[in-house]
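Structure data follow from structure-v3.txt (compact mmCIF, C-alpha atoms):
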```
# COMPACT_ATOMS: atom_id res chain seq x y z
CA MET A 121 11.81 -24.57 -17.65
CA ALA A 122 9.32 -23.66 -14.91
CA LEU A 123 9.53 -20.25 -13.31
CA LYS A 124 10.96 -20.32 -9.79
CA ILE A 125 9.68 -18.01 -7.05
CA TYR A 126 12.11 -16.87 -4.35
CA HIS A 127 11.63 -14.83 -1.20
CA GLN A 128 13.39 -11.45 -1.31
CA LEU A 129 14.47 -11.27 2.30
CA GLY A 130 14.72 -8.06 4.26
CA PHE A 131 13.15 -6.63 7.40
CA ARG A 132 11.58 -9.48 9.41
CA PHE A 133 13.23 -12.10 7.17
CA LYS A 134 12.33 -14.89 9.60
CA TRP A 135 8.67 -14.62 8.57
CA ASN A 136 9.61 -15.56 5.02
CA ILE A 137 11.79 -18.43 6.16
CA ASP A 138 8.95 -19.73 8.35
CA LEU A 139 6.63 -19.77 5.32
CA LEU A 140 9.18 -21.67 3.28
CA ARG A 141 9.74 -24.25 6.02
CA GLN A 142 6.25 -24.67 7.40
CA ASP A 143 4.06 -24.14 4.32
CA ASN A 144 6.38 -24.84 1.37
CA ILE A 145 5.71 -21.29 0.15
CA GLY A 146 8.54 -20.34 -2.19
CA ASP A 147 11.23 -22.23 -4.06
CA GLY A 148 14.20 -20.52 -2.43
CA LEU A 149 15.61 -17.40 -0.79
CA ILE A 150 17.62 -14.31 -1.66
CA LEU A 151 19.60 -13.49 1.46
CA CYS A 152 20.09 -9.95 2.75
CA PRO A 153 23.23 -9.09 4.78
CA ARG A 154 21.69 -5.65 5.40
CA HIS A 155 19.42 -7.45 7.88
CA MET A 156 21.06 -10.86 8.38
CA THR A 157 24.27 -11.61 10.22
CA ASP A 158 26.37 -14.63 9.36
CA SER A 159 24.87 -16.33 12.43
CA ASP A 160 21.42 -15.87 10.90
CA THR A 161 22.62 -17.39 7.65
CA GLN A 162 24.07 -20.38 9.47
CA THR A 163 20.61 -21.28 10.81
CA LEU A 164 19.77 -22.39 7.26
CA SER A 165 20.16 -26.04 6.44
CA PRO A 166 22.56 -27.16 3.67
CA LEU A 167 19.54 -27.85 1.45
CA GLU A 168 18.12 -24.37 2.10
CA LYS A 169 21.48 -22.78 1.30
CA SER A 170 21.70 -24.72 -1.95
CA LYS A 171 18.42 -23.05 -2.96
CA SER A 172 19.51 -19.60 -1.82
CA ILE A 173 21.28 -16.67 -3.43
CA PHE A 174 23.52 -14.48 -1.30
CA ASP A 175 23.21 -10.86 -2.39
CA PRO A 176 26.33 -9.06 -1.06
CA GLN A 177 24.41 -5.75 -1.23
CA PHE A 178 27.46 -3.64 -2.11
CA PHE A 179 25.05 -1.03 -3.52
CA LEU A 180 26.67 1.76 -1.50
CA PRO A 181 30.16 0.45 -0.71
CA GLY A 182 30.90 3.40 1.55
CA THR A 183 27.87 2.86 3.82
CA ASP A 184 27.85 -0.26 5.98
CA LEU A 185 24.40 0.14 7.47
CA GLY A 186 22.85 -2.45 9.75
CA ASP A 187 24.31 -5.94 9.68
CA LEU A 188 26.43 -5.20 6.61
CA ALA A 189 29.00 -3.95 9.13
CA THR A 190 29.37 -7.48 10.50
CA TYR A 191 30.86 -8.87 7.27
CA ASP A 192 34.62 -8.49 6.93
CA PHE A 193 34.41 -8.33 3.13
CA PHE A 194 32.09 -5.31 2.93
CA PRO A 195 34.09 -2.49 1.30
CA ARG A 196 33.48 0.14 3.99
CA LYS A 197 34.79 -2.25 6.62
CA ASN A 198 38.34 -2.06 5.30
CA SER A 199 38.55 1.42 3.78
CA GLY A 200 39.48 3.60 6.75
CA ASP A 201 37.55 6.67 7.84
CA GLU A 202 36.04 7.37 4.42
CA PHE A 203 35.48 5.19 1.37
CA GLU A 204 37.21 6.48 -1.77
CA THR A 205 36.65 4.57 -5.00
CA GLN A 206 40.06 5.20 -6.55
CA GLN A 207 41.87 4.21 -3.36
CA TYR A 208 39.72 1.10 -3.05
CA ILE A 209 40.40 -0.17 -6.57
CA GLY A 210 43.38 -2.52 -6.57
CA THR A 211 44.70 -4.33 -3.52
CA GLN A 212 41.70 -3.80 -1.21
CA SER A 213 39.07 -4.59 -3.84
CA ILE A 214 40.89 -7.83 -4.63
CA LEU A 215 41.08 -8.82 -0.95
CA ASP A 216 37.37 -8.13 -0.39
CA ALA A 217 36.39 -9.97 -3.56
CA ASN A 218 38.38 -13.01 -2.44
CA LYS A 219 36.72 -12.99 0.97
CA CYS A 220 33.23 -12.58 -0.47
CA VAL A 221 33.75 -15.35 -3.03
CA ASP A 222 35.18 -17.62 -0.31
CA TYR A 223 32.07 -16.94 1.79
CA GLN A 224 29.74 -17.88 -1.05
CA ILE A 225 31.73 -21.03 -1.81
CA ALA A 226 31.87 -22.11 1.84
CA ASN A 227 28.09 -21.86 2.14
CA ASN A 228 27.42 -23.66 -1.15
CA PHE A 229 24.84 -21.15 -2.33
CA GLU A 230 23.00 -21.80 -5.59
CA TYR A 231 24.85 -19.05 -7.45
CA CYS A 232 27.99 -17.02 -6.86
CA VAL A 233 27.04 -13.35 -7.20
CA ILE A 234 29.29 -10.56 -8.46
CA PRO A 235 27.82 -7.48 -6.74
CA ALA A 236 26.92 -4.11 -8.23
CA ARG A 237 27.21 -0.52 -7.12
CA HIS A 238 24.19 1.76 -7.37
CA GLN A 239 24.53 4.55 -9.93
CA ILE A 240 22.22 7.31 -11.09
CA GLY A 241 21.46 8.55 -14.59
CA THR A 242 23.26 6.93 -17.53
CA PRO A 243 26.96 7.28 -16.62
CA ALA A 244 29.34 6.98 -19.58
CA ARG A 245 31.78 4.93 -17.48
CA PHE A 246 29.13 2.54 -16.09
CA ILE A 247 30.77 -0.61 -17.48
CA THR A 248 34.36 0.53 -16.86
CA GLU A 249 33.71 1.44 -13.24
CA TYR A 250 31.83 -1.82 -12.67
CA GLU A 251 34.73 -3.82 -14.06
CA ASP A 252 37.32 -1.90 -12.04
CA ILE A 253 35.65 -1.96 -8.64
CA PHE A 254 33.90 -5.36 -8.60
CA GLY A 255 33.77 -7.13 -11.96
CA LYS A 256 37.43 -7.98 -12.56
CA PRO A 257 38.41 -8.63 -8.91
CA PHE A 258 35.46 -11.00 -8.43
CA MET A 259 35.85 -12.74 -11.78
CA ASP A 260 39.58 -13.27 -11.23
CA SER A 261 38.86 -14.73 -7.81
CA ILE A 262 36.09 -16.99 -9.11
CA LEU A 263 38.25 -18.37 -11.90
CA ALA A 264 41.25 -18.87 -9.62
CA LYS A 265 39.14 -20.82 -7.12
CA ASN A 266 37.44 -22.95 -9.79
CA VAL A 267 33.98 -22.12 -8.44
CA ARG A 268 31.49 -24.88 -9.28
CA SER A 269 28.26 -22.96 -8.78
CA LYS A 270 26.80 -20.87 -11.56
CA ILE A 271 27.83 -17.21 -11.65
CA LEU A 272 25.48 -14.22 -11.66
CA VAL A 273 26.50 -10.68 -12.46
CA GLN A 274 24.31 -8.22 -10.59
CA ILE A 275 23.07 -5.19 -12.51
CA ILE A 276 21.04 -2.29 -11.13
CA LEU A 277 19.24 -0.47 -13.95
CA ASN A 278 17.13 2.65 -13.57
CA GLU A 279 14.37 3.91 -15.85
CA ALA A 280 16.67 6.26 -17.78
CA MET A 281 19.09 3.41 -18.52
CA LEU A 282 16.41 1.12 -19.90
CA LYS A 283 14.72 3.84 -21.94
CA ASP A 284 18.03 4.87 -23.55
CA ASP A 285 18.34 2.30 -26.33
CA GLU A 286 22.03 2.96 -26.92
CA PHE A 287 22.86 2.58 -23.22
CA LYS A 288 20.62 -0.49 -22.86
CA ASN A 289 22.21 -2.18 -25.86
CA ARG A 290 25.73 -1.54 -24.51
CA ILE A 291 24.73 -3.22 -21.25
CA LEU A 292 23.17 -6.10 -23.15
CA ASP A 293 26.25 -6.61 -25.34
CA TRP A 294 28.52 -6.41 -22.31
CA THR A 295 26.60 -8.92 -20.17
CA THR A 296 25.95 -11.45 -22.93
CA GLY A 297 29.60 -11.24 -24.00
CA MET A 298 30.99 -12.15 -20.57
CA MET A 299 32.79 -15.44 -20.50
CA ASP A 300 31.90 -17.91 -17.72
CA ILE A 301 28.81 -15.93 -16.64
CA SER A 302 25.60 -17.93 -16.28
CA GLY A 303 23.20 -15.05 -15.93
CA VAL A 304 22.11 -11.71 -14.54
CA TYR A 305 20.67 -10.78 -11.16
CA LEU A 306 18.63 -7.78 -12.28
CA ILE A 307 17.43 -5.07 -9.90
CA ILE A 308 15.21 -2.30 -11.20
CA ASP A 309 15.70 1.09 -9.56
CA ARG A 310 12.40 2.86 -10.12
CA LYS A 311 10.35 5.59 -8.56
CA LYS A 312 8.58 4.52 -5.37
CA LYS A 313 5.31 6.05 -6.61
CA PRO A 314 3.03 4.78 -7.88
CA LYS A 315 3.19 1.55 -5.95
CA GLN A 316 2.31 -0.49 -9.04
CA LEU A 317 4.58 0.14 -12.01
CA ASN A 318 2.48 1.74 -14.76
CA ASP A 319 4.98 3.32 -17.15
CA LEU A 320 4.15 1.56 -20.42
CA ASP A 321 7.38 2.42 -22.24
CA PHE A 322 9.43 1.30 -19.26
CA LEU A 323 7.52 -1.98 -18.98
CA ILE A 324 8.03 -2.75 -22.66
CA LYS A 325 11.76 -1.97 -22.49
CA LEU A 326 12.13 -4.10 -19.36
CA MET A 327 10.34 -7.10 -20.85
CA ASP A 328 12.39 -6.83 -24.04
CA PHE A 329 15.62 -6.65 -22.02
CA ILE A 330 14.74 -9.80 -20.08
CA ASP A 331 13.72 -11.53 -23.31
CA ASP A 332 17.01 -10.58 -24.99
CA LEU A 333 19.00 -12.02 -22.08
CA ARG A 334 17.02 -15.25 -22.23
CA ASP A 335 17.50 -15.45 -26.01
CA ASN A 336 21.22 -15.46 -25.22
CA GLU A 337 20.67 -18.46 -22.93
CA MET A 338 21.32 -16.52 -19.74
CA ASP A 339 19.59 -17.11 -16.42
CA VAL A 340 17.66 -14.04 -15.28
CA VAL A 341 16.90 -13.41 -11.61
CA ILE A 342 14.64 -10.40 -11.03
CA GLY A 343 14.87 -8.96 -7.54
CA TYR A 344 12.80 -6.37 -5.66
CA VAL A 345 9.71 -6.79 -7.83
CA ASN A 346 6.12 -5.96 -6.96
CA VAL A 347 2.88 -7.31 -8.49
CA GLU A 348 4.28 -6.57 -11.97
CA SER A 349 6.11 -9.86 -11.50
CA ILE A 350 3.07 -11.55 -13.00
CA ILE A 351 3.41 -9.73 -16.33
CA LEU A 352 7.21 -9.94 -16.36
CA SER A 353 6.81 -13.72 -16.12
CA ILE A 354 5.87 -13.93 -19.80
CA ALA A 355 9.39 -12.72 -20.69
CA ASP A 356 10.60 -16.02 -19.19
CA PRO A 357 12.80 -15.01 -16.23
CA THR A 358 14.44 -17.90 -14.38
CA ILE A 359 13.62 -16.63 -10.90
CA ILE A 360 11.24 -13.93 -9.75
CA THR A 361 10.82 -12.67 -6.20
CA ILE A 362 8.10 -12.00 -3.66
CA GLY A 363 8.56 -9.74 -0.66
CA SER A 364 6.76 -9.17 2.61
CA PHE A 365 7.26 -5.42 2.91
CA GLU A 366 7.26 -2.79 0.19
CA THR A 367 10.98 -2.30 0.83
CA THR A 368 11.54 -5.79 -0.60
CA ARG A 369 9.15 -5.27 -3.52
CA ILE A 370 10.36 -1.85 -4.70
CA PHE A 371 14.10 -1.17 -4.67
CA ASN A 372 14.95 2.09 -2.91
CA ILE A 373 18.58 3.02 -2.39
CA LYS A 374 17.60 5.22 0.55
CA ASN A 375 17.06 2.07 2.58
CA PHE A 376 20.81 1.53 2.35
CA GLU A 377 21.63 5.12 3.25
CA GLN A 378 19.62 5.40 6.43
CA LYS A 379 17.59 3.40 8.89
CA GLU A 380 14.90 1.49 7.03
CA GLU A 381 11.24 1.72 7.91
CA ASN A 382 8.74 -0.89 6.88
CA ASP A 383 6.34 0.16 4.15
CA THR A 384 3.47 0.97 6.48
CA GLY A 385 5.37 3.41 8.70
CA GLY A 386 4.22 4.89 11.99
CA ASN A 387 2.69 3.02 14.92
CA SER A 388 0.03 0.34 14.77
CA ASN A 389 -2.77 2.93 15.03
CA THR A 390 -1.60 5.10 12.11
CA ARG A 391 -0.17 2.57 9.67
CA ILE A 392 -1.90 1.77 6.42
CA TYR A 393 -2.41 -1.97 6.21
CA ARG A 394 -3.06 -3.56 2.83
CA THR A 395 -4.33 -6.95 1.66
CA TYR A 396 -3.28 -8.44 -1.64
CA SER A 397 -6.16 -9.33 -3.96
CA PRO A 398 -5.24 -11.81 -6.72
CA LYS A 399 -8.50 -10.97 -8.48
CA LEU A 400 -7.70 -7.25 -8.59
CA LEU A 401 -3.89 -7.56 -8.91
CA GLN A 402 -3.53 -4.91 -6.24
CA TYR A 403 -2.73 -4.38 -2.56
CA ILE A 404 -5.97 -2.90 -1.24
CA ASN A 405 -6.08 -0.49 1.70
CA ASN A 406 -7.91 -2.42 4.42
CA ILE A 407 -10.35 0.44 5.06
CA TYR A 408 -12.00 -0.59 1.77
CA ARG A 409 -12.05 -4.33 2.33
CA ASN A 410 -15.47 -4.87 3.84
CA THR A 411 -17.09 -2.39 1.46
CA ILE A 412 -15.74 -3.92 -1.72
CA ILE A 413 -16.42 -7.45 -0.48
CA ASP A 414 -20.05 -6.45 0.05
CA GLU A 415 -20.29 -4.84 -3.38
CA ILE A 416 -18.59 -7.75 -5.12
CA SER A 417 -20.99 -10.17 -3.42
CA LYS A 418 -23.83 -8.28 -5.14
CA ILE A 419 -22.04 -8.65 -8.46
CA SER A 420 -21.57 -12.36 -7.70
CA ASP A 421 -25.31 -12.71 -7.19
CA GLU A 422 -25.99 -10.92 -10.48
CA ARG A 423 -23.57 -13.19 -12.35
CA GLU A 424 -24.60 -16.28 -10.40
CA GLU A 425 -20.96 -17.06 -9.72
CA GLU A 426 -18.83 -16.60 -6.63
CA ILE A 427 -16.07 -14.00 -6.89
CA ILE A 428 -13.50 -14.26 -4.10
CA LEU A 429 -11.41 -11.09 -3.97
CA PHE A 430 -9.16 -12.12 -1.13
CA GLU A 431 -7.71 -15.60 -0.85
CA GLN A 432 -8.70 -17.56 2.24
CA ASN A 433 -5.66 -19.26 3.73
CA LYS A 434 -4.30 -20.17 7.15
CA TYR A 435 -3.06 -16.59 7.62
CA SER A 436 -6.32 -14.84 6.71
CA PHE A 437 -7.28 -12.00 9.04
CA PRO A 438 -10.22 -9.62 9.64
CA SER A 439 -9.99 -6.19 7.98
CA SER A 440 -9.73 -4.60 11.42
CA HIS A 441 -6.55 -6.54 12.24
CA LYS A 442 -3.48 -4.45 13.07
CA GLY A 443 -0.17 -6.26 13.00
CA ASP A 444 2.50 -6.80 10.38
CA LYS A 445 3.27 -10.50 10.68
CA LEU A 446 -0.11 -12.05 9.91
CA ILE A 447 -0.84 -9.60 7.10
CA SER A 448 2.60 -10.08 5.54
CA GLN A 449 2.36 -13.86 5.65
CA HIS A 450 -1.17 -13.82 4.22
CA ASN A 451 -0.06 -11.59 1.34
CA LEU A 452 3.02 -13.69 0.60
CA PHE A 453 0.88 -16.83 0.65
CA SER A 454 -1.60 -15.25 -1.79
CA MET A 455 1.05 -13.88 -4.15
CA TYR A 456 2.93 -17.17 -4.28
CA ASN A 457 -0.22 -19.17 -4.92
CA GLN A 458 -1.20 -16.92 -7.81
CA LEU A 459 2.24 -17.11 -9.43
CA SER A 460 2.22 -20.88 -8.90
CA THR A 461 -0.83 -21.22 -11.13
CA ILE A 462 1.11 -19.88 -14.11
CA LYS A 463 4.72 -20.86 -13.44
CA ASN A 464 4.54 -24.24 -15.20
CA LEU A 465 2.63 -23.02 -18.25
CA ASP A 466 4.23 -22.65 -21.67
CA LEU A 467 4.92 -18.98 -22.32
CA ASN A 468 2.13 -18.50 -24.85
CA LYS A 469 -0.35 -20.17 -22.49
CA ARG A 470 1.04 -18.09 -19.63
CA TYR A 471 0.33 -14.96 -21.66
CA GLU A 472 -3.24 -16.05 -22.37
CA GLU A 473 -3.87 -16.84 -18.70
CA ILE A 474 -2.41 -13.55 -17.48
CA ARG A 475 -4.28 -11.58 -20.13
CA GLY A 476 -7.51 -13.10 -18.83
CA ILE A 477 -6.63 -12.27 -15.23
CA ILE A 478 -5.94 -8.63 -16.14
CA GLU A 479 -9.09 -8.28 -18.25
CA ASP A 480 -11.20 -9.73 -15.42
CA ALA A 481 -9.55 -7.36 -12.92
CA ILE A 482 -10.31 -4.35 -15.13
CA ILE A 483 -13.97 -5.38 -15.30
CA LEU A 484 -14.15 -5.79 -11.51
CA PHE A 485 -12.66 -2.34 -10.93
CA GLU A 486 -15.15 -0.88 -13.43
CA ASN A 487 -18.01 -2.63 -11.60
CA LEU A 488 -16.83 -1.20 -8.28
CA SER A 489 -16.61 2.27 -9.78
CA ASP A 490 -20.13 1.92 -11.22
CA LYS A 491 -21.36 1.15 -7.72
CA GLY A 492 -19.75 4.31 -6.36
CA VAL A 493 -16.63 2.82 -4.77
CA ALA A 494 -13.85 5.42 -5.18
CA LEU A 495 -10.49 3.83 -4.36
CA ASP A 496 -7.35 5.82 -3.60
CA SER A 497 -4.53 5.91 -6.15
CA ASP A 498 -2.58 3.17 -4.34
CA SER A 499 -5.59 0.81 -4.33
CA ASP A 500 -7.16 1.41 -7.74
CA GLY A 501 -6.68 -0.37 -11.07
CA LYS A 502 -5.12 2.31 -13.28
CA HIS A 503 -1.97 0.21 -13.71
CA LEU A 504 -3.91 -2.57 -15.41
CA TYR A 505 -4.37 -0.78 -18.73
CA PRO A 506 -0.63 -0.30 -19.42
CA TRP A 507 -0.05 -3.85 -18.16
CA LEU A 508 -2.54 -5.27 -20.64
CA THR A 509 -1.06 -3.19 -23.45
CA ALA A 510 2.50 -4.25 -22.55
CA ILE A 511 1.76 -7.97 -22.59
CA ASN A 512 -0.28 -7.70 -25.80
CA LEU A 513 2.55 -5.90 -27.59
CA PHE A 514 5.05 -8.42 -26.27
CA ALA A 515 2.79 -11.25 -27.46
CA ASN A 516 2.59 -9.62 -30.89
CA LYS A 517 6.39 -9.65 -31.07
CA LYS A 518 6.51 -13.31 -30.09
CA GLY A 519 3.73 -14.33 -32.47
CA TRP A 520 1.38 -15.51 -29.72
CA ARG A 521 -1.50 -13.15 -30.44
CA SER A 522 -3.63 -13.18 -33.54
CA SER A 523 -5.10 -9.90 -34.81
CA ARG A 524 -8.66 -9.18 -33.72
```
Please render this file's structure as structure tokens.
Amino acid sequence: MALKIYHQLGFRFKWNIDLLRQDNIGDGLILCPRHMTDSDTQTLSPLEKSKSIFDPQFFLPGTDLGDLATYDFFPRKNSGDEFETQQYIGTQSILDANKCVDYQIANNFEYCVIPARHQIGTPARFITEYEDIFGKPFMDSILAKNVRSKILVQIILNEAMLKDDEFKNRILDWTTGMMDISGVYLIIDRKKKPKQLNDLDFLIKLMDFIDDLRDNEMDVVIGYVNVESIILSIADPTIITIGSFETTRIFNIKNFEQKEENDTGGNSNTRIYRTYSPKLLQYINNIYRNTIIDEISKISDEREEEIILFEQNKYSFPSSHKGDKLISQHNLFSMYNQLSTIKNLDLNKRYEEIRGIIEDAIILFENLSDKGVALDSDSDGKHLYPWLTAINLFANKKGWRSSR
């Protein structure tokens, strides 16, 4: 089955929807009540809704920030002055689950999502608390209403959870043992820095976890994912996401605790604007753009081949441009087009293609370094070495890679 690429909506969600409608960029949407009211959702056509996933975003049930407060099924809405878990479990959790399931049914979304609460560390009662507060109320409601759409259980896993084999295996046994569940909507709660995920052990554990879910014939939707989406694709997820701002590419619970800023921050004169380079697998600080384009053009002449670092599309912009919309749409366009080149490939061929892309990117970064270009830690290629190692080790496990 071909990989599907969905927009992870968030701040300025209309830009993503415009790309989907006007340019056919993306295969669907993951909706965000944190930023979208029901009225916003109702602007979608029936076809668009049928290719959308509604994420209830119950991550912090006691904090109804932004437009979450407009939904009558959000836990904080009906819990009095202060949300208390033990008081919520029971009658109120059942009522809210029924309302949320009814909402998803009425809109005919692609999946019906059972939401998750954000937790830190590796809590011993992770599964029990999930079942008590959301799992059982939602599942009982879904079964009672004979929901026709496929069902996703949302899971938010942090680095400690995935690196703890005993904890990870309990989660895996629990999810794959659920009756009537079609798959998992997986959100990875990781450190915001570095911008590109470069923890080799974490990457390997994550890819293995996705692979184990798929081996159990479960759909896997990976939300809030950055450029590492390209290497995670070889673990065969069903849906992977692209996001316009960093807040939709790296999950950060703080964005649900307080007012969210876009990833650039500050005013238009102080923000750091970045352009995605498919050739370098990195978002490059625009202060470097002209310099590295000039240096790469010299390398192109030496190799007698044209190397285009930044995709030229209808949303291309000069490096001096200051403004979120054009840059965001250009980057989404570029990211989608790159993923589209590999989404229909068989997994072993996908691995070979991605390995080549990473190896070429490493060489380009080395060439730039040789020419004296010193990139900052959020624009360089240090993440590429653990990425290449991770996919090679995964390919070894799958039997795709012969010894050299």
| request: Tell me which protein, DNA and RNA residues are within 10 Å of Glu249 (chain A), counting only C-alpha atoms, leaving out same-chain ones fewer than 3 positions away, and put them as JSON, numbers by chain. | output: {"A": [205, 206, 209, 237, 243, 244, 245, 246, 252, 253, 254, 255]}
Enumerate, as a compact mmCIF listing (two decimals) with C-alpha atoms, in the coordinates of the input, the protein, DNA and RNA residues whose atoms approach (-2.7, -1.2, -13.4) to within 9 Å, taking into account only C-alpha atoms and the coordinate frame of the file.
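The resulting file, result-v4.txt, is shown below:
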```
# COMPACT_ATOMS: atom_id res chain seq x y z
CA GLN A 316 2.31 -0.49 -9.04
CA LEU A 317 4.58 0.14 -12.01
CA ASN A 318 2.48 1.74 -14.76
CA GLU A 348 4.28 -6.57 -11.97
CA LEU A 401 -3.89 -7.56 -8.91
CA GLN A 402 -3.53 -4.91 -6.24
CA ILE A 478 -5.94 -8.63 -16.14
CA ILE A 482 -10.31 -4.35 -15.13
CA ASP A 500 -7.16 1.41 -7.74
CA GLY A 501 -6.68 -0.37 -11.07
CA LYS A 502 -5.12 2.31 -13.28
CA HIS A 503 -1.97 0.21 -13.71
CA LEU A 504 -3.91 -2.57 -15.41
CA TYR A 505 -4.37 -0.78 -18.73
CA PRO A 506 -0.63 -0.30 -19.42
CA TRP A 507 -0.05 -3.85 -18.16
CA LEU A 508 -2.54 -5.27 -20.64
```
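You will find CA of Leu465 (chain A) at 14.7 Å from CA of Ile359 (chain A).
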| note | Counting only C-alpha atoms, the residue among A:His450, A:His238, A:Arg154, A:Arg369 that lies closest to Lys434 (chain A) is A:His450
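CA of Leu139 (chain A) lies 28.7 Å from CA of Val221 (chain A).
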Determine, using only C-alpha atoms, which residues of region 267-325 of chain A have any atom at most 10 Å from an atom of region 257-261 of chain A, and tabulate each with its shortest atom pair and distance in Å to one decimal place, rows ordered by chain and then rising number, as CSV.
```
residue,atom,partner,partner_atom,distance
A:Val267,CA,A:Ser261,CA,8.9
A:Ile271,CA,A:Met259,CA,9.2
A:Val273,CA,A:Met259,CA,9.6
A:Met299,CA,A:Met259,CA,9.6
A:Asp300,CA,A:Met259,CA,8.8
A:Ile301,CA,A:Met259,CA,9.1
```
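Look at Ser349 (chain A): the protein and nucleic acid residues within 9 Å of it, using only C-alpha atoms and passing over chain neighbours fewer than 6 places away, are Ile342, Ile360, Thr361, Ile362 and Leu459 of chain A.
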Region 185-218 of chain A residues near region 160-180 of chain A within 12 Å, closest pair each, using all atoms listed in the file, as a Markdown table:
```
| residue | atom | partner | partner_atom | distance |
| --- | --- | --- | --- | --- |
| A:Leu185 | CA | A:Leu180 | CA | 9.4 |
| A:Gly186 | CA | A:Gln177 | CA | 11.6 |
| A:Asp187 | CA | A:Asp160 | CA | 10.4 |
| A:Leu188 | CA | A:Gln177 | CA | 8.1 |
| A:Ala189 | CA | A:Phe178 | CA | 11.3 |
| A:Thr190 | CA | A:Asp160 | CA | 11.6 |
| A:Tyr191 | CA | A:Pro176 | CA | 9.5 |
| A:Asp192 | CA | A:Pro176 | CA | 11.5 |
| A:Phe193 | CA | A:Pro176 | CA | 9.1 |
| A:Phe194 | CA | A:Phe178 | CA | 7.0 |
| A:Pro195 | CA | A:Phe178 | CA | 7.5 |
| A:Arg196 | CA | A:Leu180 | CA | 8.9 |
| A:Lys197 | CA | A:Phe178 | CA | 11.5 |
| A:Phe203 | CA | A:Leu180 | CA | 9.9 |
| A:Glu204 | CA | A:Leu180 | CA | 11.6 |
| A:Thr205 | CA | A:Leu180 | CA | 10.9 |
| A:Ser213 | CA | A:Phe178 | CA | 11.8 |
| A:Asp216 | CA | A:Phe178 | CA | 11.0 |
| A:Ala217 | CA | A:Pro176 | CA | 10.4 |
```
| task | Counting all atoms listed in the file, write as JSON, numbers by chain all protein and nucleic acid residues lying at most 12 Å from (21.6, -13.8, -14.6) in the file's frame. | result | {"A": [173, 231, 232, 233, 234, 235, 270, 271, 272, 273, 274, 275, 292, 295, 296, 298, 300, 301, 302, 303, 304, 305, 306, 307, 329, 330, 331, 332, 333, 334, 336, 337, 338, 339, 340, 341, 342, 343, 357, 358, 359, 360]}
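Shortest separation to Asp285 (chain A) among A:Glu472, A:Asp321, A:Asp335, A:Glu415 occurs at residue A:Asp321, atoms counted being only C-alpha atoms.
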| message | Just want the 6 Å neighbourhood of His155 (chain A), counted on only C-alpha atoms, with same-chain residues fewer than 2 positions away dropped. Output as an MDAnalysis selection string. | response | chainID A and resid 130 152:153 187
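Coordinates place CA of Thr461 (chain A) at a distance of 26.6 Å from CA of Asn410 (chain A).
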| query | Got a sec: who's within 10 Å of Leu400 (chain A), counting all atoms listed in the file, leaving out chain neighbours fewer than 2 positions off, as a PyMOL selection string? | reply | chain A and resi 396-398+402-404+429-430+477-485+499-501+504
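Between Lys315 (chain A) and the residues A:Arg394, A:Ile370, A:Gly363, A:Lys288, the shortest atom-to-atom distance, using only C-alpha atoms, involves A:Ile370.
Proximity ranking of A:Ala355, A:Leu140, A:Ile308, A:Ile412 relative to Gly492 (chain A) places A:Ile412 first, based on only C-alpha atoms.
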| query | So which one's closest to Ile225 (chain A), A:Thr211, A:Asn144, A:Gln239, A:Ser269? Using only C-alpha atoms, please. | reply | A:Ser269
| query | So which one's closest to Ile416 (chain A), A:Ala280, A:Lys491, A:Gly476, A:Arg132? Using only C-alpha atoms, please. | reply | A:Lys491
